[in-house]
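S.K.: This structure is in structure tokens; I'll ask about it shortly.
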Amino acid sequence: MKYLPINNEVFTVNRRNFVSRLKPCSLAIFNSNDEFPRSGDQAFLFKQNPDFFYLTGIDQEQSILLLFPECPNPLYKEVLFLRQTNEHIAVWEGHKYTIDEAKAASGIQTIYWLSEFDTILHSIINYAENIYINTNENDRYAHTVPYRDIRMLETLRSKYPLHKYERAALIMRDLRVVKSSIEVELTKKACQITRDAFLRVLKFVKPGVAEYEIEAEISHEFLRQRATGNAYSPIIASGKNAIVLHYVDNNAVCKDGEVILFDFGAEYANYNADMSRSVPVNGRFTKRQRDVYNAVLRVMRAATKMIVSGTVLNEYQEEVGKLMTDELIGLGLLDKHDVAKQDAKMPLYKKYFMHGTSHHLGLDVHDFASRYKAFEAGNILTCEPGIYIPAEGLGIRIENNILITESGNIDLMADIPVEADEIEEIMNG
Ligand code: GLY
Ligand code: MN
Ligand code: MN
């Protein structure tokens with residue numbers, strides 16, 4: 001891992017919170033992510049399952065966590081199973097956790113090699129009534145490939161058909177959405193690295209530079225500061241490319257007079273930043289570009305004020321839609337008479353602002369959370385309004401990451417330049 005060691009207290013507390021919500025006489029099993037084949041003998045870079053990381057801090061493939069707080073054999077109340085390393089693996093694949101290192105990373109005291117899993121599980125499973133298995137219940141997840149937890153569920157169901165199977169995801173959804181102070185610190189670190197990359201890019205952008213050259217600058221800054229890499233495929237979209245919301249080709253040359261939309265963020269210790277900025281390629285906004293920019297910025301500022309405890313996502317989106325509608329009328333993009341007659345279910349602003357304003361952010365960029373539960377202290381959300389005008393080859397989005405506290409909120413990206421004047425000053429400085 002590139003990142004510095006994390007205080008294992010955070011994982012110990014997470015496990016304690018998780019088991020406190022189990023039904024009596026329950027056992028829970030969590031699996032690490034699969035390694036995905038790429039081609040030939042290669043695999044894609046391993047990415048740990050966020051729930052597994054949340055509970056263990058273990059960033060290694062082929063690992064299993066077993067939690068059974070009422071286990072009659074006290075040795076097996078909390079057990080981590082790891083892939084056994086050997087000299088061959090050490091030489092060919094590099095370092096894997098030793099038992100002591102895994103204890104230090106996770107705070108778990110009982111660690112076995114994976115080959116012991118079936119025997120140990122069989123020795124205790126009949127003393128449990130409920131078996132919690134972790135499935136991916138993200139609203140946007142489409143189940144196409146059976147992952148380790150699903151495969152384990154199938155095996156266990158056939159071996160132990162009369163146990164009751166329960167959804168760990170219901171507990172994880174409530175826990176993960178409230179970030180602890182260590183999680184906030186790790187997110188802040190991801191934001192700081194992202195800021196440094198943006199400042200570097202502001203000095204680099206000029207007419208004739210290619211989008212991929214900008215991407216290279218960002219990756220360089222991320223890696224030299226111990227980020228694992230990009231939190232998601234970075235969007236470096238000049239001119240009309242910014243209209244494509246998930247543009248990731250990043251292969252065009254930036255032209256004089258265009259605005260370039262960046263949406264990138266660093267991943268540090270599995271925590272993510274998610275930032276968008278829109279800047280003039282030649283260092284100066286035109287009057288029109290600035291007007292659109294400032295409209296987006298005003299919506300962002302007003303929306304940020306609403307990201308507080310008690311806000312409900314749907315109602316918030318509706319309020320932001322009203323603010324955006326007024327701005328679009330001001331920019332001459334919508335007609336107030338048309339707005340007066342609009343179908344409330346299909347508001348006209350969506351023609352120019354077609355995505356949501358906010359999503360939870362954490363171990364997943366679109367973090368696991370209920371979209372119906374009111375925001376609460378400890379949540380981190382993005383705030384990312386945008387205006388996209390195909391006829392003008394112009395797309396502007398501004399996105400910051402906001403932490404909700406007991407007394408309001410804190411913009412974790414408050415130190416990243418956002419005013420049009422400030423951006424121009426740095427680009428021309
Ligand atoms: N970068 C993905 C998003 O803004 O949601
Ligand atoms: Mn983004
Ligand atoms: Mn986002």
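To be explicit about the labels: the chains of the structure tokens are called A, B, and onward in the order shown, and within each one the residues are counted from 1, while ligands get numbers from 1 in the order they are shown.
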Can you pull out every residue with an atom within 8 Å of ligand 1? Use only C-alpha atoms and all ligand atoms and format it as a list in words.
M.R.: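 Counting only C-alpha atoms and all ligand atoms, the residues within 8 Å of ligand 1 come out as Tyr232, Ser233, Pro234, Ile235, His246, Asp263, Phe264, Gly265, Asp274, Met275, Ser276, Ser358, His359, Val365, His366, Thr382, Glu384 and Glu399 of chain A.
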S.K.: Residues near Met1 in chain A, anyone? I mean within 8 Å using only C-alpha atoms, not counting same-chain ones fewer than 3 positions away, as a PyMOL selection string.
M.R.: chain A and resi 4+59+228
S.K.: Any idea what's packed within 6 Å of range 19-27 of chain A, counting only C-alpha atoms, ignoring anything in its chain fewer than 5 positions away? Could you give it as a list in words?
M.R.: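 Residues meeting the cut-off are Leu67, Phe68, Ala128, Glu129, Asn130 and Ile131 of chain A.
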S.K.: Extract the full set of helix (DSSP H, G or I) residues from range 127-176 of chain A according to DSSP on the backbone, and format it as an MDAnalysis selection string.
M.R.: chainID A and resid 148:159 168:176
S.K.: Can you list, as JSON, numbers by chain, every protein, DNA or RNA residue that comes within 12 Å of Leu156 in chain A when you count only C-alpha atoms, leaving out same-chain residues fewer than 4 positions away?
M.R.: {"A": [29, 118, 121, 122, 125, 126, 130, 131, 132, 133, 149, 150, 151, 152, 160, 161, 162, 163, 164, 165]}
S.K.: Can you work out which one of A:Lys336, A:Arg277, A:Arg284, A:Lys341 has the shortest atom-to-atom distance to Val418 in chain A, counting only C-alpha atoms?
M.R.: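 Selected residue with least distance to Val418 in chain A: A:Arg277.
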S.K.: Counting only C-alpha atoms, what is within 10 Å of Gly395 in chain A, bar same-chain residues fewer than 4 positions away, as a count of residues only?
M.R.: 24
S.K.: Under the rule that only C-alpha atoms and all ligand atoms are counted, which of A:Val91, A:Ile329, A:Ile236, A:Ala414 is the nearest residue to ligand 2?
M.R.: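 Nearest to ligand 2: A:Ile236.
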S.K.: Restricting the calculation to only C-alpha atoms: of A:Glu267, A:Glu78, A:Asp100, A:Asp421, which residue gets closest to Leu186 in chain A?
M.R.: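 Residue with the minimum atom-to-atom distance to Leu186 in chain A: A:Glu267.
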S.K.: May I have the residues within 12 Å of Arg301 in chain A as an MDAnalysis selection string, using only C-alpha atoms and disregarding those fewer than 3 positions away in the same chain?
M.R.: chainID A and resid 294:298 304:307 320 323:324 357 383:385 398:400 402 411 414 418:419
S.K.: Show which residues sit within 9 Å of Gln62 in chain A, as a compact mmCIF listing (two decimals) with C-alpha atoms, in the first residue's frame. Count only C-alpha atoms, and ignore same-chain residues fewer than 6 positions away.
M.R.:
# COMPACT_ATOMS: atom_id res chain seq x y z
CA ASN A 31 -15.31 -11.43 2.07
CA SER A 32 -12.71 -9.35 0.32
CA ASN A 33 -13.28 -8.47 -3.33
CA ASP A 34 -12.40 -10.83 -6.13
CA GLU A 35 -9.31 -10.33 -8.21
CA PHE A 81 -8.56 -15.48 7.67
CA LEU A 82 -5.75 -14.56 5.31
CA ARG A 83 -4.08 -16.05 2.32
CA LEU A 114 -7.49 -19.34 4.81
S.K.: Between A:Lys373, A:Asp367, A:Phe262, A:Glu101, which is the closest to ligand 2 once you count only C-alpha atoms and all ligand atoms?
M.R.: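 Under the stated criterion, the closest residue is A:Phe262.
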